[in-house]
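Student: Sharing model03.pdb here; it has PDB, C-alpha atoms.
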MODEL        1
ATOM      1  CA  MET A  24     130.222 105.130  99.921  1.00  0.00           C
ATOM      2  CA  SER A  25     130.206 101.518 101.077  1.00  0.00           C
ATOM      3  CA  ASP A  26     128.237  98.823  99.282  1.00  0.00           C
ATOM      4  CA  ARG A  27     126.313  98.157 102.503  1.00  0.00           C
ATOM      5  CA  ILE A  28     125.051 101.761 102.633  1.00  0.00           C
ATOM      6  CA  ILE A  29     124.193 101.722  98.925  1.00  0.00           C
ATOM      7  CA  ASN A  30     122.252  98.470  99.385  1.00  0.00           C
ATOM      8  CA  SER A  31     120.417  99.886 102.411  1.00  0.00           C
ATOM      9  CA  LEU A  32     119.483 103.096 100.575  1.00  0.00           C
ATOM     10  CA  THR A  33     118.391 101.081  97.553  1.00  0.00           C
ATOM     11  CA  LEU A  34     116.188  98.883  99.719  1.00  0.00           C
ATOM     12  CA  PHE A  35     114.694 101.916 101.448  1.00  0.00           C
ATOM     13  CA  SER A  36     114.073 103.627  98.080  1.00  0.00           C
ATOM     14  CA  THR A  37     112.500 100.460  96.672  1.00  0.00           C
ATOM     15  CA  VAL A  38     110.080 100.131  99.563  1.00  0.00           C
ATOM     16  CA  GLY A  39     109.432 103.879  99.741  1.00  0.00           C
ATOM     17  CA  SER A  40     108.702 104.304  96.058  1.00  0.00           C
ATOM     18  CA  GLY A  41     106.461 101.222  96.198  1.00  0.00           C
ATOM     19  CA  LEU A  42     104.485 102.573  99.141  1.00  0.00           C
ATOM     20  CA  ILE A  43     104.116 105.970  97.500  1.00  0.00           C
ATOM     21  CA  ALA A  44     103.131 104.368  94.183  1.00  0.00           C
ATOM     22  CA  GLY A  45     100.419 102.449  96.033  1.00  0.00           C
ATOM     23  CA  ILE A  46      99.051 105.590  97.650  1.00  0.00           C
ATOM     24  CA  PHE A  47      99.010 107.465  94.337  1.00  0.00           C
ATOM     25  CA  PHE A  48      97.509 104.448  92.565  1.00  0.00           C
ATOM     26  CA  ALA A  49      94.657 104.268  95.086  1.00  0.00           C
ATOM     27  CA  PHE A  50      93.852 107.933  94.538  1.00  0.00           C
ATOM     28  CA  SER A  51      93.962 107.568  90.746  1.00  0.00           C
ATOM     29  CA  VAL A  52      91.897 104.396  90.628  1.00  0.00           C
ATOM     30  CA  PHE A  53      89.157 104.941  93.194  1.00  0.00           C
ATOM     31  CA  VAL A  54      89.550 107.705  95.796  1.00  0.00           C
ATOM     32  CA  MET A  55      89.136 110.647  93.431  1.00  0.00           C
ATOM     33  CA  THR A  56      86.350 108.866  91.536  1.00  0.00           C
ATOM     34  CA  ALA A  57      84.504 108.318  94.819  1.00  0.00           C
ATOM     35  CA  LEU A  58      84.983 111.939  95.894  1.00  0.00           C
ATOM     36  CA  VAL A  59      83.670 113.245  92.551  1.00  0.00           C
ATOM     37  CA  ARG A  60      80.498 111.206  92.999  1.00  0.00           C
ATOM     38  CA  LEU A  61      79.707 113.145  96.172  1.00  0.00           C
ATOM     39  CA  PRO A  62      78.025 116.540  96.125  1.00  0.00           C
ATOM     40  CA  PRO A  63      80.793 119.156  95.621  1.00  0.00           C
ATOM     41  CA  ALA A  64      80.648 120.470  99.196  1.00  0.00           C
ATOM     42  CA  GLN A  65      81.119 116.969 100.606  1.00  0.00           C
ATOM     43  CA  GLY A  66      83.856 116.061  98.121  1.00  0.00           C
ATOM     44  CA  ILE A  67      85.727 119.283  98.864  1.00  0.00           C
ATOM     45  CA  ALA A  68      85.402 118.824 102.622  1.00  0.00           C
ATOM     46  CA  ALA A  69      86.630 115.230 102.376  1.00  0.00           C
ATOM     47  CA  MET A  70      89.641 116.183 100.240  1.00  0.00           C
ATOM     48  CA  GLN A  71      90.454 119.112 102.526  1.00  0.00           C
ATOM     49  CA  SER A  72      90.472 116.668 105.431  1.00  0.00           C
ATOM     50  CA  ILE A  73      92.658 114.172 103.553  1.00  0.00           C
ATOM     51  CA  ASN A  74      95.126 116.946 102.706  1.00  0.00           C
ATOM     52  CA  ILE A  75      95.436 117.824 106.389  1.00  0.00           C
ATOM     53  CA  VAL A  76      95.662 114.261 107.685  1.00  0.00           C
ATOM     54  CA  ILE A  77      98.313 113.197 105.142  1.00  0.00           C
ATOM     55  CA  LEU A  78     100.745 115.737 106.610  1.00  0.00           C
ATOM     56  CA  ASN A  79     101.929 113.422 109.363  1.00  0.00           C
ATOM     57  CA  PRO A  80     105.394 112.229 110.400  1.00  0.00           C
ATOM     58  CA  LEU A  81     105.082 108.719 108.964  1.00  0.00           C
ATOM     59  CA  PHE A  82     104.020 109.912 105.512  1.00  0.00           C
ATOM     60  CA  GLY A  83     106.663 112.626 105.639  1.00  0.00           C
ATOM     61  CA  PHE A  84     109.325 110.057 106.521  1.00  0.00           C
ATOM     62  CA  VAL A  85     108.368 107.779 103.630  1.00  0.00           C
ATOM     63  CA  PHE A  86     107.763 110.510 101.026  1.00  0.00           C
ATOM     64  CA  GLY A  87     110.587 112.859 102.009  1.00  0.00           C
ATOM     65  CA  GLY A  88     112.955 110.138 103.194  1.00  0.00           C
ATOM     66  CA  THR A  89     112.659 108.362  99.860  1.00  0.00           C
ATOM     67  CA  ALA A  90     113.436 111.620  98.069  1.00  0.00           C
ATOM     68  CA  LEU A  91     116.496 112.141 100.266  1.00  0.00           C
ATOM     69  CA  ALA A  92     117.696 108.570  99.694  1.00  0.00           C
ATOM     70  CA  CYS A  93     117.154 108.999  95.956  1.00  0.00           C
ATOM     71  CA  GLY A  94     119.227 112.173  95.989  1.00  0.00           C
ATOM     72  CA  VAL A  95     122.089 110.345  97.665  1.00  0.00           C
ATOM     73  CA  LEU A  96     121.756 107.394  95.277  1.00  0.00           C
ATOM     74  CA  ALA A  97     121.700 109.677  92.231  1.00  0.00           C
ATOM     75  CA  ILE A  98     124.918 111.396  93.286  1.00  0.00           C
ATOM     76  CA  THR A  99     126.557 108.107  94.259  1.00  0.00           C
ATOM     77  CA  SER A 100     125.606 106.472  90.952  1.00  0.00           C
ATOM     78  CA  CYS A 101     127.341 109.282  89.052  1.00  0.00           C
ATOM     79  CA  PHE A 102     130.560 108.709  91.004  1.00  0.00           C
ATOM     80  CA  LYS A 103     130.332 104.932  90.562  1.00  0.00           C
ATOM     81  CA  TRP A 104     129.129 105.042  86.961  1.00  0.00           C
ATOM     82  CA  GLY A 105     130.063 101.896  85.094  1.00  0.00           C
ATOM     83  CA  GLU A 106     129.609  99.660  88.125  1.00  0.00           C
ATOM     84  CA  ALA A 107     126.780  97.140  88.206  1.00  0.00           C
ATOM     85  CA  GLY A 108     123.352  98.624  88.832  1.00  0.00           C
ATOM     86  CA  MET A 109     124.356 102.284  88.834  1.00  0.00           C
ATOM     87  CA  MET A 110     122.381 103.135  85.706  1.00  0.00           C
ATOM     88  CA  TYR A 111     119.240 101.695  87.317  1.00  0.00           C
ATOM     89  CA  LEU A 112     119.886 103.600  90.543  1.00  0.00           C
ATOM     90  CA  LEU A 113     120.207 106.859  88.626  1.00  0.00           C
ATOM     91  CA  VAL A 114     117.110 106.200  86.506  1.00  0.00           C
ATOM     92  CA  GLY A 115     115.023 105.181  89.535  1.00  0.00           C
ATOM     93  CA  SER A 116     116.189 108.201  91.479  1.00  0.00           C
ATOM     94  CA  ILE A 117     115.335 110.563  88.620  1.00  0.00           C
ATOM     95  CA  PHE A 118     111.885 109.015  88.180  1.00  0.00           C
ATOM     96  CA  TYR A 119     111.137 109.454  91.879  1.00  0.00           C
ATOM     97  CA  LEU A 120     112.705 112.875  92.356  1.00  0.00           C
ATOM     98  CA  ILE A 121     111.154 114.463  89.266  1.00  0.00           C
ATOM     99  CA  GLY A 122     108.026 112.424  88.602  1.00  0.00           C
ATOM    100  CA  SER A 123     106.888 111.944  92.175  1.00  0.00           C
ATOM    101  CA  PHE A 124     108.513 114.475  94.491  1.00  0.00           C
ATOM    102  CA  LEU A 125     108.868 117.495  92.173  1.00  0.00           C
ATOM    103  CA  VAL A 126     105.482 117.000  90.490  1.00  0.00           C
ATOM    104  CA  THR A 127     103.891 116.907  93.947  1.00  0.00           C
ATOM    105  CA  ILE A 128     105.539 120.170  94.989  1.00  0.00           C
ATOM    106  CA  VAL A 129     105.044 122.045  91.710  1.00  0.00           C
ATOM    107  CA  PHE A 130     101.555 120.861  90.748  1.00  0.00           C
ATOM    108  CA  ASN A 131      99.596 118.930  93.385  1.00  0.00           C
ATOM    109  CA  VAL A 132     100.481 121.003  96.463  1.00  0.00           C
ATOM    110  CA  PRO A 133      99.440 124.346  94.873  1.00  0.00           C
ATOM    111  CA  LEU A 134      96.156 122.735  93.814  1.00  0.00           C
ATOM    112  CA  ASN A 135      95.682 121.480  97.387  1.00  0.00           C
ATOM    113  CA  ASP A 136      96.449 124.956  98.730  1.00  0.00           C
ATOM    114  CA  ALA A 137      93.852 126.517  96.423  1.00  0.00           C
ATOM    115  CA  LEU A 138      91.284 123.936  97.540  1.00  0.00           C
ATOM    116  CA  ALA A 139      92.087 124.581 101.199  1.00  0.00           C
ATOM    117  CA  ALA A 140      91.279 128.276 100.710  1.00  0.00           C
ATOM    118  CA  VAL A 141      87.694 127.785  99.518  1.00  0.00           C
ATOM    119  CA  ASP A 142      84.502 127.324 101.477  1.00  0.00           C
ATOM    120  CA  PRO A 143      83.222 123.851 100.524  1.00  0.00           C
ATOM    121  CA  GLY A 144      79.645 125.079 100.315  1.00  0.00           C
ATOM    122  CA  SER A 145      80.335 128.100  98.105  1.00  0.00           C
ATOM    123  CA  ALA A 146      79.761 128.483  94.362  1.00  0.00           C
ATOM    124  CA  GLN A 147      83.460 129.356  94.048  1.00  0.00           C
ATOM    125  CA  GLY A 148      84.284 126.055  95.750  1.00  0.00           C
ATOM    126  CA  ALA A 149      82.028 124.078  93.394  1.00  0.00           C
ATOM    127  CA  ASP A 150      83.639 125.722  90.334  1.00  0.00           C
ATOM    128  CA  LEU A 151      87.133 125.084  91.665  1.00  0.00           C
ATOM    129  CA  TRP A 152      86.262 121.475  92.514  1.00  0.00           C
ATOM    130  CA  ILE A 153      85.622 120.617  88.852  1.00  0.00           C
ATOM    131  CA  ARG A 154      88.969 122.032  87.695  1.00  0.00           C
ATOM    132  CA  TYR A 155      90.765 120.667  90.754  1.00  0.00           C
ATOM    133  CA  ASN A 156      89.650 117.106  90.102  1.00  0.00           C
ATOM    134  CA  ALA A 157      90.709 117.117  86.466  1.00  0.00           C
ATOM    135  CA  ASN A 158      94.100 118.743  87.054  1.00  0.00           C
ATOM    136  CA  TRP A 159      94.979 117.063  90.350  1.00  0.00           C
ATOM    137  CA  THR A 160      94.081 113.606  89.063  1.00  0.00           C
ATOM    138  CA  ALA A 161      96.036 114.073  85.813  1.00  0.00           C
ATOM    139  CA  TRP A 162      99.159 115.017  87.766  1.00  0.00           C
ATOM    140  CA  ASN A 163      98.498 112.159  90.170  1.00  0.00           C
ATOM    141  CA  HIS A 164      98.570 109.735  87.234  1.00  0.00           C
ATOM    142  CA  VAL A 165     102.030 111.111  86.382  1.00  0.00           C
ATOM    143  CA  ARG A 166     103.147 110.586  89.982  1.00  0.00           C
ATOM    144  CA  THR A 167     101.781 107.041  89.988  1.00  0.00           C
ATOM    145  CA  VAL A 168     103.580 106.027  86.798  1.00  0.00           C
ATOM    146  CA  ALA A 169     106.822 107.715  87.886  1.00  0.00           C
ATOM    147  CA  SER A 170     106.772 106.041  91.304  1.00  0.00           C
ATOM    148  CA  LEU A 171     106.121 102.650  89.710  1.00  0.00           C
ATOM    149  CA  ALA A 172     108.954 103.247  87.232  1.00  0.00           C
ATOM    150  CA  ALA A 173     111.236 104.137  90.157  1.00  0.00           C
ATOM    151  CA  LEU A 174     110.205 100.960  91.963  1.00  0.00           C
ATOM    152  CA  ILE A 175     110.996  98.814  88.911  1.00  0.00           C
ATOM    153  CA  SER A 176     114.329 100.577  88.384  1.00  0.00           C
ATOM    154  CA  PHE A 177     115.347 100.005  91.999  1.00  0.00           C
ATOM    155  CA  MET A 178     114.367  96.348  91.719  1.00  0.00           C
ATOM    156  CA  MET A 179     116.531  96.033  88.618  1.00  0.00           C
ATOM    157  CA  ALA A 180     119.400  97.711  90.468  1.00  0.00           C
ATOM    158  CA  PHE A 181     119.057  95.196  93.287  1.00  0.00           C
ATOM    159  CA  ARG A 182     119.396  92.341  90.810  1.00  0.00           C
ATOM    160  CA  GLN A 183     122.717  93.749  89.663  1.00  0.00           C
ATOM    161  CA  ILE A 184     124.244  95.050  92.885  1.00  0.00           C
ATOM    162  CA  GLY A 185     122.842  92.505  95.321  1.00  0.00           C
TER
ENDMDL
END
Turn this file's structure into C-alpha cells for me.
Tutor:
Amino acid sequence: MSDRIINSLTLFSTVGSGLIAGIFFAFSVFVMTALVRLPPAQGIAAMQSINIVILNPLFGFVFGGTALACGVLAITSCFKWGEAGMMYLLVGSIFYLIGSFLVTIVFNVPLNDALAAVDPGSAQGADLWIRYNANWTAWNHVRTVASLAALISFMMAFRQIG
C-alpha cells in the first residue's frame, strides 16, 4: 500500500476517532447525567429518540468508516512492521476496533435494543432505566477512553510517518 494511502487513512482515522471520542465524552460527562435527572418516562423517551436519530448516514460514515480504515491500517501495519509509525497505527487501530466499535456492538447496542422495547411510562421501563443508565454509561466510559487512546496513537503515528 502506498504511503499516500496510509497517510490518508491515518488522517481519516485520527479525525474519526476524535469525533467519536467527543460524542462519547459528551454522553459520559453530561448527556446521561441530564437524562437521569428527568422523570424515568421522559429520560427513556429522550434516549429512545437519540438512539433512533443517531442511526443516520453521517454518523454511520464516521463510526463505521473509521472502523473500516482502522481494519485496513491494522493489517497494513503488520505487513510493514518495523517501519516508522506502524506500532502506533496498530495500537490505535486496536483501541478503536475493540474499545470503541466492538464494545458498542457487544454491550451498548443490546442495551439500546432492550430500552427500545419498553414503554417509557411502564414500571418495567422505570426498572430497566436504572440498570440501563449504570451499565450503558460504564461501557460508554470504556468507549470514550478507547477512542481517545486511538486518537493519541494515530497522532503519534503521524509524527513518525508524516
Student: Which protein, DNA or RNA residues have an atom at most 10 Å from (133.6, 109.3, 98.8), counting all atoms listed in the file? List them as a PyMOL selection string.
Tutor: chain A and resi 24-25+99+102-103
Student: As an exercise, work out the distance from atom CA of A:Pro63 to atom CA of A:Gly45 in Å and give it to one decimal place.
Tutor: 25.8 Å
Student: Care to translate the PyMOL selection byres ((chain A and resi 152) around 12) into actual residues of this file, as an NGL selection string?
Tutor: :A and (55 or 58-71 or 134-135 or 137-151 or 153-160)
Student: One number please: atom CA of A:Asn30 to atom CA of A:Phe86, in Å, one decimal.
Tutor: 18.9 Å
Student: Which protein, DNA or RNA residues have an atom at most 12 Å from (113.3, 102.2, 100.9), counting all atoms listed in the file? List them as JSON, numbers by chain.
Tutor: {"A": [28, 29, 30, 31, 32, 33, 34, 35, 36, 37, 38, 39, 40, 41, 42, 43, 84, 85, 86, 87, 88, 89, 90, 91, 92, 93, 96, 115, 116, 119, 173, 174, 177, 178, 181]}
Student: Atom CA of A:Ile175 to atom CA of A:Gly94: how many Å, to one decimal?
Tutor: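 Atom-to-atom, atom CA of A:Ile175 and atom CA of A:Gly94 are spaced 17.2 Å apart.
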Student: Name the residues that the PyMOL selection byres ((chain A and resi 47) around 9) picks from the file above, as a list in words, using the file's chain letters and numbers.
Tutor: Leu42, Ile43, Ala44, Gly45, Ile46, Phe48, Ala49, Phe50, Ser51, Val52, Asn163, His164, Arg166, Thr167, Val168 and Ser170 of chain A
Student: Have a look at A:Met110, A:Ile73, A:Val54, A:Ala97 and name the one nearest to A:Ile184; count all atoms listed in the file.
Tutor: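 Closest candidate: A:Met110.
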Student: Just stretch 69-119 of chain A from the block, C-alpha atoms, as an mmCIF file, in the first residue's frame, could you?
Tutor:
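As written to disk, out_4.cif reads:
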data_model
loop_
_atom_site.group_PDB
_atom_site.id
_atom_site.type_symbol
_atom_site.label_atom_id
_atom_site.label_comp_id
_atom_site.auth_asym_id
_atom_site.auth_seq_id
_atom_site.Cartn_x
_atom_site.Cartn_y
_atom_site.Cartn_z
ATOM 1 C CA ALA A 69 -35.409 11.033 25.156
ATOM 2 C CA MET A 70 -32.838 8.224 24.962
ATOM 3 C CA GLN A 71 -35.092 6.192 22.671
ATOM 4 C CA SER A 72 -35.262 9.213 20.378
ATOM 5 C CA ILE A 73 -31.487 9.735 20.489
ATOM 6 C CA ASN A 74 -30.938 6.067 19.626
ATOM 7 C CA ILE A 75 -33.133 6.441 16.547
ATOM 8 C CA VAL A 76 -31.716 9.768 15.385
ATOM 9 C CA ILE A 77 -28.071 8.666 15.731
ATOM 10 C CA LEU A 78 -28.624 5.991 13.074
ATOM 11 C CA ASN A 79 -28.019 8.353 10.177
ATOM 12 C CA PRO A 80 -25.634 8.219 7.212
ATOM 13 C CA LEU A 81 -23.176 10.811 8.524
ATOM 14 C CA PHE A 82 -22.725 9.101 11.892
ATOM 15 C CA GLY A 83 -22.536 5.736 10.156
ATOM 16 C CA PHE A 84 -19.847 7.047 7.808
ATOM 17 C CA VAL A 85 -17.726 8.391 10.665
ATOM 18 C CA PHE A 86 -18.255 5.482 13.087
ATOM 19 C CA GLY A 87 -18.195 2.635 10.566
ATOM 20 C CA GLY A 88 -15.773 4.302 8.162
ATOM 21 C CA THR A 89 -13.262 4.793 10.957
ATOM 22 C CA ALA A 90 -13.595 1.124 11.884
ATOM 23 C CA LEU A 91 -13.015 0.118 8.263
ATOM 24 C CA ALA A 92 -9.982 2.405 7.961
ATOM 25 C CA CYS A 93 -8.623 1.016 11.228
ATOM 26 C CA GLY A 94 -9.010 -2.521 9.921
ATOM 27 C CA VAL A 95 -7.007 -1.649 6.827
ATOM 28 C CA LEU A 96 -4.373 0.161 8.901
ATOM 29 C CA ALA A 97 -4.067 -2.756 11.327
ATOM 30 C CA ILE A 98 -3.441 -5.219 8.505
ATOM 31 C CA THR A 99 -1.078 -2.836 6.719
ATOM 32 C CA SER A 100 0.911 -2.174 9.899
ATOM 33 C CA CYS A 101 1.509 -5.914 10.316
ATOM 34 C CA PHE A 102 2.918 -6.153 6.787
ATOM 35 C CA LYS A 103 5.058 -3.038 7.269
ATOM 36 C CA TRP A 104 6.084 -3.830 10.839
ATOM 37 C CA GLY A 105 9.386 -2.223 11.718
ATOM 38 C CA GLU A 106 8.728 0.868 9.620
ATOM 39 C CA ALA A 107 8.202 4.219 11.308
ATOM 40 C CA GLY A 108 4.816 4.655 12.948
ATOM 41 C CA MET A 109 3.478 1.157 12.329
ATOM 42 C CA MET A 110 3.348 0.235 16.009
ATOM 43 C CA TYR A 111 1.231 3.331 16.694
ATOM 44 C CA LEU A 112 -1.065 2.545 13.766
ATOM 45 C CA LEU A 113 -1.632 -0.970 15.076
ATOM 46 C CA VAL A 114 -2.201 0.193 18.659
ATOM 47 C CA GLY A 115 -4.595 2.963 17.579
ATOM 48 C CA SER A 116 -6.488 0.588 15.335
ATOM 49 C CA ILE A 117 -6.848 -1.991 18.111
ATOM 50 C CA PHE A 118 -8.039 0.635 20.595
ATOM 51 C CA TYR A 119 -10.698 1.836 18.160
#
